[in-house]
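This is upload-v7.pdb (PDB, C-alpha atoms).
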```
ATOM      1  CA  MET R   2    -152.448 -91.523  96.194
ATOM      2  CA  ALA R   3    -152.743 -94.352  98.680
ATOM      3  CA  ASN R   4    -155.523 -94.060 101.215
ATOM      4  CA  GLU R   5    -153.931 -93.763 104.660
ATOM      5  CA  ILE R   6    -157.198 -94.205 106.515
ATOM      6  CA  LEU R   7    -158.495 -97.756 106.559
ATOM      7  CA  ASN R   8    -161.934 -98.756 107.774
ATOM      8  CA  HIS R   9    -163.666-101.901 108.950
ATOM      9  CA  ILE R  10    -167.153-100.787 108.050
ATOM     10  CA  ARG R  11    -168.061-103.856 106.058
ATOM     11  CA  ARG R  12    -167.034-106.305 108.773
ATOM     12  CA  LEU R  13    -168.710-104.330 111.535
ATOM     13  CA  ARG R  14    -171.807-103.954 109.400
ATOM     14  CA  PHE R  15    -172.135-107.727 109.169
ATOM     15  CA  GLU R  16    -171.486-108.043 112.899
ATOM     16  CA  GLN R  17    -174.471-105.772 113.474
ATOM     17  CA  GLY R  18    -176.943-108.374 112.285
ATOM     18  CA  GLU R  19    -175.886-108.119 108.637
ATOM     19  CA  MET R  20    -176.917-104.503 108.344
ATOM     20  CA  THR R  21    -177.343-103.455 104.727
ATOM     21  CA  GLN R  22    -175.439-100.601 103.137
ATOM     22  CA  GLU R  23    -178.765 -98.835 102.636
ATOM     23  CA  GLU R  24    -179.571 -99.112 106.335
ATOM     24  CA  LEU R  25    -176.160 -97.869 107.402
ATOM     25  CA  ALA R  26    -176.426 -94.979 104.946
ATOM     26  CA  ARG R  27    -179.815 -94.043 106.350
ATOM     27  CA  ARG R  28    -178.535 -94.113 109.919
ATOM     28  CA  ALA R  29    -175.423 -92.111 109.074
ATOM     29  CA  GLY R  30    -177.303 -89.586 106.933
ATOM     30  CA  VAL R  31    -175.439 -90.237 103.700
ATOM     31  CA  THR R  32    -176.132 -91.908 100.377
ATOM     32  CA  ARG R  33    -175.583 -95.604  99.791
ATOM     33  CA  GLN R  34    -172.995 -94.697  97.148
ATOM     34  CA  THR R  35    -170.882 -93.005  99.827
ATOM     35  CA  ILE R  36    -170.987 -96.148 101.990
ATOM     36  CA  ILE R  37    -169.926 -98.164  98.936
ATOM     37  CA  ALA R  38    -167.055 -95.757  98.284
ATOM     38  CA  LEU R  39    -166.003 -95.907 101.932
ATOM     39  CA  GLU R  40    -165.939 -99.698 101.991
ATOM     40  CA  ALA R  41    -163.985 -99.737  98.726
ATOM     41  CA  GLY R  42    -161.411 -97.352 100.172
ATOM     42  CA  ARG R  43    -162.152 -94.704  97.584
ATOM     43  CA  TYR R  44    -163.256 -92.067 100.072
ATOM     44  CA  SER R  45    -162.135 -90.848 103.471
ATOM     45  CA  PRO R  46    -164.957 -89.349 105.539
ATOM     46  CA  SER R  47    -164.961 -86.108 107.442
ATOM     47  CA  LEU R  48    -164.602 -86.303 111.206
ATOM     48  CA  LEU R  49    -168.307 -85.715 111.660
ATOM     49  CA  LEU R  50    -169.261 -88.488 109.276
ATOM     50  CA  ALA R  51    -166.751 -90.819 110.890
ATOM     51  CA  PHE R  52    -168.449 -90.305 114.250
ATOM     52  CA  ARG R  53    -171.900 -90.768 112.728
ATOM     53  CA  ILE R  54    -170.895 -94.036 111.124
ATOM     54  CA  SER R  55    -169.311 -95.236 114.339
ATOM     55  CA  ARG R  56    -172.474 -94.421 116.267
ATOM     56  CA  ALA R  57    -174.575 -96.236 113.668
ATOM     57  CA  LEU R  58    -172.351 -99.305 114.012
ATOM     58  CA  HIS R  59    -172.386 -99.110 117.813
ATOM     59  CA  ALA R  60    -168.600 -99.143 117.884
ATOM     60  CA  PRO R  61    -165.945 -96.623 118.950
ATOM     61  CA  VAL R  62    -164.521 -94.597 116.094
ATOM     62  CA  GLU R  63    -161.024 -96.016 116.534
ATOM     63  CA  ARG R  64    -162.433 -99.493 116.005
ATOM     64  CA  VAL R  65    -164.137 -98.472 112.780
ATOM     65  CA  PHE R  66    -161.288 -96.413 111.322
ATOM     66  CA  GLU R  67    -157.540 -96.754 111.620
ATOM     67  CA  HIS R  68    -154.708 -94.644 110.361
ATOM     68  CA  GLN R  69    -151.985 -96.415 108.465
ATOM     69  CA  PRO R  70    -149.002 -94.088 107.892
TER      70      PRO R  70
ATOM     71  CA  MET S  24    -174.650 -94.430  90.692
ATOM     72  CA  SER S  25    -175.448 -91.216  92.515
ATOM     73  CA  VAL S  26    -177.918 -88.642  91.228
ATOM     74  CA  GLN S  27    -175.151 -86.139  90.567
ATOM     75  CA  GLU S  28    -173.204 -88.647  88.498
ATOM     76  CA  LYS S  29    -176.326 -89.547  86.507
ATOM     77  CA  GLN S  30    -176.916 -85.859  85.817
ATOM     78  CA  ALA S  31    -173.301 -85.421  84.702
ATOM     79  CA  TRP S  32    -173.505 -88.399  82.329
ATOM     80  CA  PHE S  33    -176.788 -87.037  80.945
ATOM     81  CA  ILE S  34    -175.250 -83.637  80.264
ATOM     82  CA  LEU S  35    -172.223 -85.222  78.579
ATOM     83  CA  ALA S  36    -174.592 -87.304  76.433
ATOM     84  CA  VAL S  37    -176.548 -84.195  75.400
ATOM     85  CA  LEU S  38    -173.329 -82.366  74.498
ATOM     86  CA  GLY S  39    -172.051 -85.379  72.574
ATOM     87  CA  VAL S  40    -175.271 -85.925  70.638
ATOM     88  CA  THR S  41    -175.530 -82.230  69.823
ATOM     89  CA  GLY S  42    -171.983 -82.140  68.519
ATOM     90  CA  LEU S  43    -172.591 -85.285  66.526
ATOM     91  CA  VAL S  44    -175.789 -83.971  64.934
ATOM     92  CA  TYR S  45    -174.301 -80.556  64.186
ATOM     93  CA  GLY S  46    -171.132 -82.039  62.761
ATOM     94  CA  SER S  47    -172.948 -84.658  60.690
ATOM     95  CA  LEU S  48    -175.425 -82.147  59.303
ATOM     96  CA  GLY S  49    -172.668 -79.686  58.566
ATOM     97  CA  LEU S  50    -170.585 -82.268  56.736
ATOM     98  CA  ALA S  51    -173.625 -83.443  54.810
ATOM     99  CA  VAL S  52    -175.069 -80.106  53.656
ATOM    100  CA  GLY S  53    -172.399 -77.610  54.656
ATOM    101  CA  PHE S  54    -172.096 -75.376  57.709
ATOM    102  CA  HIS S  55    -174.738 -72.751  56.989
ATOM    103  CA  THR S  56    -176.349 -70.329  59.392
ATOM    104  CA  TRP S  57    -179.447 -72.517  59.634
ATOM    105  CA  THR S  58    -177.416 -75.572  60.679
ATOM    106  CA  LEU S  59    -176.772 -73.694  63.921
ATOM    107  CA  GLY S  60    -180.369 -74.550  64.770
ATOM    108  CA  THR S  61    -179.188 -78.019  65.779
ATOM    109  CA  LEU S  62    -177.491 -76.389  68.747
ATOM    110  CA  GLY S  63    -180.994 -76.040  70.154
ATOM    111  CA  LEU S  64    -180.546 -79.637  71.304
ATOM    112  CA  LEU S  65    -178.333 -78.183  74.028
ATOM    113  CA  GLY S  66    -181.563 -77.072  75.671
ATOM    114  CA  PHE S  67    -182.023 -80.627  76.913
ATOM    115  CA  VAL S  68    -179.306 -79.874  79.450
ATOM    116  CA  GLY S  69    -182.093 -78.147  81.356
ATOM    117  CA  VAL S  70    -183.745 -81.530  81.897
ATOM    118  CA  ALA S  71    -180.823 -82.764  84.012
ATOM    119  CA  PRO S  72    -182.164 -81.383  87.330
ATOM    120  CA  LEU S  73    -185.255 -83.584  86.901
ATOM    121  CA  ILE S  74    -183.094 -86.662  87.309
ATOM    122  CA  GLY S  75    -183.536 -87.876  90.851
ATOM    123  CA  LEU S  76    -186.771 -85.927  91.335
ATOM    124  CA  ARG S  77    -188.670 -89.083  92.188
ATOM    125  CA  ASP S  78    -186.114 -90.059  94.845
ATOM    126  CA  ARG S  79    -186.190 -86.543  96.242
ATOM    127  CA  ARG S  80    -189.951 -86.765  96.649
ATOM    128  CA  ARG S  81    -189.512 -90.060  98.481
ATOM    129  CA  GLY S  82    -187.320 -88.265 101.016
ATOM    130  CA  LYS S  83    -184.126 -90.064 100.078
ATOM    131  CA  ILE S  84    -180.776 -88.393 100.685
ATOM    132  CA  LEU S  85    -179.496 -87.326  97.285
ATOM    133  CA  TYR S  86    -176.428 -85.258  98.185
ATOM    134  CA  ASP S  87    -174.046 -85.755 101.080
ATOM    135  CA  GLU S  88    -170.620 -84.376 101.985
ATOM    136  CA  ARG S  89    -168.889 -86.484  99.343
ATOM    137  CA  ASP S  90    -171.210 -85.280  96.582
ATOM    138  CA  LEU S  91    -170.796 -81.647  97.626
ATOM    139  CA  SER S  92    -167.014 -82.044  97.755
ATOM    140  CA  ILE S  93    -166.982 -83.502  94.246
ATOM    141  CA  GLN S  94    -169.287 -80.754  92.987
ATOM    142  CA  ARG S  95    -167.080 -78.064  94.497
ATOM    143  CA  ARG S  96    -163.941 -79.437  92.881
ATOM    144  CA  ALA S  97    -165.701 -79.848  89.533
ATOM    145  CA  GLY S  98    -166.879 -76.241  89.727
ATOM    146  CA  ASN S  99    -163.343 -75.057  90.411
ATOM    147  CA  ALA S 100    -162.022 -77.047  87.470
ATOM    148  CA  ALA S 101    -164.697 -75.731  85.118
ATOM    149  CA  LEU S 102    -164.204 -72.126  86.205
ATOM    150  CA  GLY S 103    -160.457 -72.504  85.842
ATOM    151  CA  ILE S 104    -160.699 -73.802  82.287
ATOM    152  CA  LEU S 105    -163.297 -71.175  81.418
ATOM    153  CA  TRP S 106    -160.995 -68.464  82.756
ATOM    154  CA  LEU S 107    -158.122 -69.736  80.618
ATOM    155  CA  ALA S 108    -160.392 -69.729  77.563
ATOM    156  CA  PHE S 109    -161.573 -66.229  78.449
ATOM    157  CA  VAL S 110    -158.024 -64.877  78.718
ATOM    158  CA  ALA S 111    -156.974 -66.656  75.517
ATOM    159  CA  GLY S 112    -160.000 -65.265  73.700
ATOM    160  CA  MET S 113    -159.240 -61.776  74.913
ATOM    161  CA  MET S 114    -155.534 -61.888  74.045
ATOM    162  CA  ALA S 115    -155.830 -63.638  70.672
ATOM    163  CA  PRO S 116    -156.972 -60.556  68.675
ATOM    164  CA  PHE S 117    -154.086 -58.522  70.094
ATOM    165  CA  PHE S 118    -151.546 -61.016  68.842
ATOM    166  CA  LEU S 119    -153.294 -61.888  65.589
ATOM    167  CA  LYS S 120    -154.377 -58.437  64.448
ATOM    168  CA  GLY S 121    -152.500 -56.010  66.654
ATOM    169  CA  PRO S 122    -153.860 -53.538  69.226
ATOM    170  CA  GLU S 123    -154.881 -50.898  66.677
ATOM    171  CA  ALA S 124    -156.844 -53.216  64.357
ATOM    172  CA  THR S 125    -160.618 -53.372  63.965
ATOM    173  CA  ILE S 126    -162.386 -56.687  63.592
ATOM    174  CA  THR S 127    -165.857 -57.254  62.178
ATOM    175  CA  VAL S 128    -167.538 -60.022  64.098
ATOM    176  CA  PRO S 129    -170.490 -61.800  62.469
ATOM    177  CA  VAL S 130    -173.570 -62.262  64.617
ATOM    178  CA  THR S 131    -173.424 -66.039  64.288
ATOM    179  CA  GLY S 132    -169.779 -65.993  65.308
ATOM    180  CA  LEU S 133    -170.581 -64.039  68.442
ATOM    181  CA  ALA S 134    -173.413 -66.427  69.296
ATOM    182  CA  LEU S 135    -171.111 -69.401  68.765
ATOM    183  CA  VAL S 136    -168.497 -67.945  71.100
ATOM    184  CA  VAL S 137    -171.013 -67.456  73.908
ATOM    185  CA  CYS S 138    -172.531 -70.881  73.284
ATOM    186  CA  GLY S 139    -169.078 -72.387  73.189
ATOM    187  CA  ALA S 140    -168.227 -70.913  76.566
ATOM    188  CA  GLY S 141    -171.315 -72.489  78.069
ATOM    189  CA  VAL S 142    -170.609 -75.821  76.431
ATOM    190  CA  LEU S 143    -167.016 -75.709  77.659
ATOM    191  CA  PHE S 144    -168.133 -75.030  81.229
ATOM    192  CA  TYR S 145    -170.749 -77.807  81.289
ATOM    193  CA  ALA S 146    -168.419 -80.264  79.560
ATOM    194  CA  VAL S 147    -165.520 -79.723  81.976
ATOM    195  CA  HIS S 148    -167.838 -79.631  85.000
ATOM    196  CA  SER S 149    -169.601 -82.867  84.084
ATOM    197  CA  LEU S 150    -166.388 -84.602  83.066
ATOM    198  CA  ALA S 151    -164.744 -83.632  86.344
ATOM    199  CA  ILE S 152    -167.708 -85.023  88.272
ATOM    200  CA  VAL S 153    -167.665 -88.326  86.396
ATOM    201  CA  ILE S 154    -163.891 -88.747  86.757
ATOM    202  CA  GLN S 155    -164.025 -88.090  90.499
ATOM    203  CA  TYR S 156    -166.794 -90.612  91.040
ATOM    204  CA  ARG S 157    -164.991 -93.242  88.967
ATOM    205  CA  THR S 158    -161.526 -92.785  90.428
ATOM    206  CA  GLY S 159    -162.503 -91.980  93.992
ATOM    207  CA  ARG S 160    -161.803 -88.969  96.150
ATOM    208  CA  HIS S 161    -160.333 -89.129  99.590
ATOM    209  CA  GLY S 162    -162.109 -86.264 101.256
ATOM    210  CA  GLU S 163    -160.779 -82.812 102.056
TER     211      GLU S 163
END
```
Taking this structure as input, can you express it in the form of structure tokens?
Amino acid sequence: MANEILNHIRRLRFEQGEMTQEELARRAGVTRQTIIALEAGRYSPSLLLAFRISRALHAPVERVFEHQP
Amino acid sequence: MSVQEKQAWFILAVLGVTGLVYGSLGLAVGFHTWTLGTLGLLGFVGVAPLIGLRDRRRGKILYDERDLSIQRRAGNAALGILWLAFVAGMMAPFFLKGPEATITVPVTGLALVVCGAGVLFYAVHSLAIVIQYRTGRHGE
């Protein structure tokens, strides 16, 4: 099943002073493996997690995630 | 690799090694009652929760929404398979022997059935966890 929700976490992470996956995971309250899965497109987060990640990346949620029908 | 995936791989390894030892011993000396003692190796499944204990003590996040989602689905899969096995086990005597028949069940046979149910549950549960981590899940 194709993932309809794309994310720009990796690019935004590097724009935030090359934040590590570990650091982003700590800020978002998840494991590093979940950040890896998100960046690889193997997981779509819940709404709450999407907002947490967006806040950690200092970017609006629609800039971090996009829906591709 | 997440803690939950490590635990699942560990459990699968214990089940595999136990089956290998039991099967090898049985083929070598015959499947006697005492060869069932090798199934005691299954007790090492109880060690699985210790995996990740050090990280837990360091205050690291071990389980998040993705891990819980995977665990929930794996539990559903394992319970589903166990239910099918339960129904099949209940219905088999009716079809094989008829509803009025009486069956003598050896003690070792009864123990093997119960043990087998546990092994089936852990095997399906752990396999489901590993498959979900490897192939990726896309949330709820």
### Task
Select residues of chain S: the criterion is any atom within 10 Å of an atom of chain R, counting only C-alpha atoms; output as a PyMOL selection string.
chain S and resi 24-26+83-90+155-163
Go ahead and save the picked residues with C-alpha atoms, as a short mmCIF file (atom, residue, chain, number, x, y, z; two decimals), in the frame of the given file.
```cif
data_model
loop_
_atom_site.label_atom_id
_atom_site.label_comp_id
_atom_site.auth_asym_id
_atom_site.auth_seq_id
_atom_site.Cartn_x
_atom_site.Cartn_y
_atom_site.Cartn_z
CA MET S 24 -174.65 -94.43 90.69
CA SER S 25 -175.45 -91.22 92.52
CA VAL S 26 -177.92 -88.64 91.23
CA LYS S 83 -184.13 -90.06 100.08
CA ILE S 84 -180.78 -88.39 100.68
CA LEU S 85 -179.50 -87.33 97.28
CA TYR S 86 -176.43 -85.26 98.18
CA ASP S 87 -174.05 -85.76 101.08
CA GLU S 88 -170.62 -84.38 101.98
CA ARG S 89 -168.89 -86.48 99.34
CA ASP S 90 -171.21 -85.28 96.58
CA GLN S 155 -164.02 -88.09 90.50
CA TYR S 156 -166.79 -90.61 91.04
CA ARG S 157 -164.99 -93.24 88.97
CA THR S 158 -161.53 -92.78 90.43
CA GLY S 159 -162.50 -91.98 93.99
CA ARG S 160 -161.80 -88.97 96.15
CA HIS S 161 -160.33 -89.13 99.59
CA GLY S 162 -162.11 -86.26 101.26
CA GLU S 163 -160.78 -82.81 102.06
#
```
Excluding R:Gln17 and its own-chain neighbours fewer than 2 positions away, which residues fall within 12 Å of it when counting only C-alpha atoms? Please give them as a PDB file with C-alpha atoms, in the coordinates of the input.
```
ATOM      1  CA  ILE R  10    -167.153-100.787 108.050  1.00  0.00           C
ATOM      2  CA  ARG R  11    -168.061-103.856 106.058  1.00  0.00           C
ATOM      3  CA  ARG R  12    -167.034-106.305 108.773  1.00  0.00           C
ATOM      4  CA  LEU R  13    -168.710-104.330 111.535  1.00  0.00           C
ATOM      5  CA  ARG R  14    -171.807-103.954 109.400  1.00  0.00           C
ATOM      6  CA  PHE R  15    -172.135-107.727 109.169  1.00  0.00           C
ATOM      7  CA  GLU R  19    -175.886-108.119 108.637  1.00  0.00           C
ATOM      8  CA  MET R  20    -176.917-104.503 108.344  1.00  0.00           C
ATOM      9  CA  THR R  21    -177.343-103.455 104.727  1.00  0.00           C
ATOM     10  CA  GLN R  22    -175.439-100.601 103.137  1.00  0.00           C
ATOM     11  CA  GLU R  24    -179.571 -99.112 106.335  1.00  0.00           C
ATOM     12  CA  LEU R  25    -176.160 -97.869 107.402  1.00  0.00           C
ATOM     13  CA  SER R  55    -169.311 -95.236 114.339  1.00  0.00           C
ATOM     14  CA  ARG R  56    -172.474 -94.421 116.267  1.00  0.00           C
ATOM     15  CA  ALA R  57    -174.575 -96.236 113.668  1.00  0.00           C
ATOM     16  CA  LEU R  58    -172.351 -99.305 114.012  1.00  0.00           C
ATOM     17  CA  HIS R  59    -172.386 -99.110 117.813  1.00  0.00           C
ATOM     18  CA  ALA R  60    -168.600 -99.143 117.884  1.00  0.00           C
TER      19      ALA R  60
END
```
Test item: axis-aligned box, all listed atoms of stretch 24-40 of chain R, 4 Å on each side, centre and edges in Å rounded to one decimal, as AutoDock Vina command-line options:
```
--center_x -172.9 --center_y -94.6 --center_z 103.5 --size_x 21.9 --size_y 18.1 --size_z 20.8
```
| Residues matched by the PyMOL selection byres ((chain S and resi 67) around 12), written as a VMD selection string | chain S and resid 30 33 to 41 61 to 66 68 to 73
Which of these, S:Gly75, S:Gly60, S:Gly98, S:Gly49, has the shortest distance to S:Phe144 once you count only C-alpha atoms?
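Ranking S:Gly75, S:Gly60, S:Gly98, S:Gly49 by distance to S:Phe144, first place goes to S:Gly98.
Each of R:Arg28, R:Gly18, R:Glu23, R:Leu7 was checked against R:Arg53 using all atoms listed in the file; the smallest atom-to-atom distance is that of R:Arg28.
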Please return stretch 66-85 of chain S, rebuilt to N, CA, C and O atoms, as a compact mmCIF listing (two decimals), in the coordinates of the input.
```
# COMPACT_ATOMS: atom_id res chain seq x y z
N GLY S 66 -180.53 -77.42 74.69
CA GLY S 66 -181.56 -77.07 75.67
C GLY S 66 -181.95 -78.23 76.56
O GLY S 66 -182.46 -78.04 77.66
N PHE S 67 -181.69 -79.45 76.10
CA PHE S 67 -182.02 -80.63 76.91
C PHE S 67 -181.17 -80.72 78.18
O PHE S 67 -181.48 -81.48 79.08
N VAL S 68 -180.10 -79.93 78.22
CA VAL S 68 -179.31 -79.87 79.45
C VAL S 68 -180.19 -79.43 80.62
O VAL S 68 -179.99 -79.84 81.76
N GLY S 69 -181.19 -78.62 80.32
CA GLY S 69 -182.09 -78.15 81.36
C GLY S 69 -182.93 -79.24 81.99
O GLY S 69 -183.54 -79.03 83.04
N VAL S 70 -182.96 -80.41 81.36
CA VAL S 70 -183.74 -81.53 81.90
C VAL S 70 -182.98 -82.24 83.01
O VAL S 70 -183.56 -82.94 83.83
N ALA S 71 -181.67 -82.04 83.06
CA ALA S 71 -180.82 -82.76 84.01
C ALA S 71 -181.30 -82.64 85.46
O ALA S 71 -181.29 -83.64 86.20
N PRO S 72 -181.73 -81.47 85.93
CA PRO S 72 -182.16 -81.38 87.33
C PRO S 72 -183.36 -82.27 87.66
O PRO S 72 -183.63 -82.54 88.83
N LEU S 73 -184.10 -82.72 86.64
CA LEU S 73 -185.26 -83.58 86.90
C LEU S 73 -184.83 -85.00 87.27
O LEU S 73 -185.62 -85.77 87.82
N ILE S 74 -183.60 -85.34 86.96
CA ILE S 74 -183.09 -86.66 87.31
C ILE S 74 -182.99 -86.75 88.83
O ILE S 74 -182.39 -85.90 89.47
N GLY S 75 -183.57 -87.74 89.40
CA GLY S 75 -183.54 -87.88 90.85
C GLY S 75 -184.72 -87.20 91.53
O GLY S 75 -184.83 -87.23 92.75
N LEU S 76 -185.62 -86.62 90.74
CA LEU S 76 -186.77 -85.93 91.34
C LEU S 76 -187.66 -86.90 92.09
O LEU S 76 -188.17 -86.59 93.17
N ARG S 77 -187.83 -88.08 91.53
CA ARG S 77 -188.67 -89.08 92.19
C ARG S 77 -188.08 -89.49 93.54
O ARG S 77 -188.78 -89.61 94.53
N ASP S 78 -186.77 -89.70 93.59
CA ASP S 78 -186.11 -90.06 94.84
C ASP S 78 -186.20 -88.92 95.85
O ASP S 78 -186.33 -89.14 97.06
N ARG S 79 -186.11 -87.69 95.34
CA ARG S 79 -186.19 -86.54 96.24
C ARG S 79 -187.56 -86.48 96.89
O ARG S 79 -187.69 -86.18 98.08
N ARG S 80 -188.59 -86.79 96.11
CA ARG S 80 -189.95 -86.76 96.65
C ARG S 80 -190.18 -87.88 97.65
O ARG S 80 -191.05 -87.79 98.51
N ARG S 81 -189.39 -88.95 97.53
CA ARG S 81 -189.51 -90.06 98.48
C ARG S 81 -188.74 -89.77 99.77
O ARG S 81 -188.72 -90.59 100.67
N GLY S 82 -188.07 -88.65 99.82
CA GLY S 82 -187.32 -88.26 101.02
C GLY S 82 -185.95 -88.90 101.12
O GLY S 82 -185.34 -88.87 102.19
N LYS S 83 -185.46 -89.45 100.03
CA LYS S 83 -184.13 -90.06 100.08
C LYS S 83 -183.05 -88.98 100.08
O LYS S 83 -183.23 -87.89 99.56
N ILE S 84 -181.91 -89.31 100.69
CA ILE S 84 -180.78 -88.39 100.68
C ILE S 84 -180.12 -88.47 99.31
O ILE S 84 -179.69 -89.53 98.88
N LEU S 85 -180.06 -87.34 98.63
CA LEU S 85 -179.50 -87.33 97.28
C LEU S 85 -178.06 -86.79 97.25
O LEU S 85 -177.27 -87.20 96.42
```
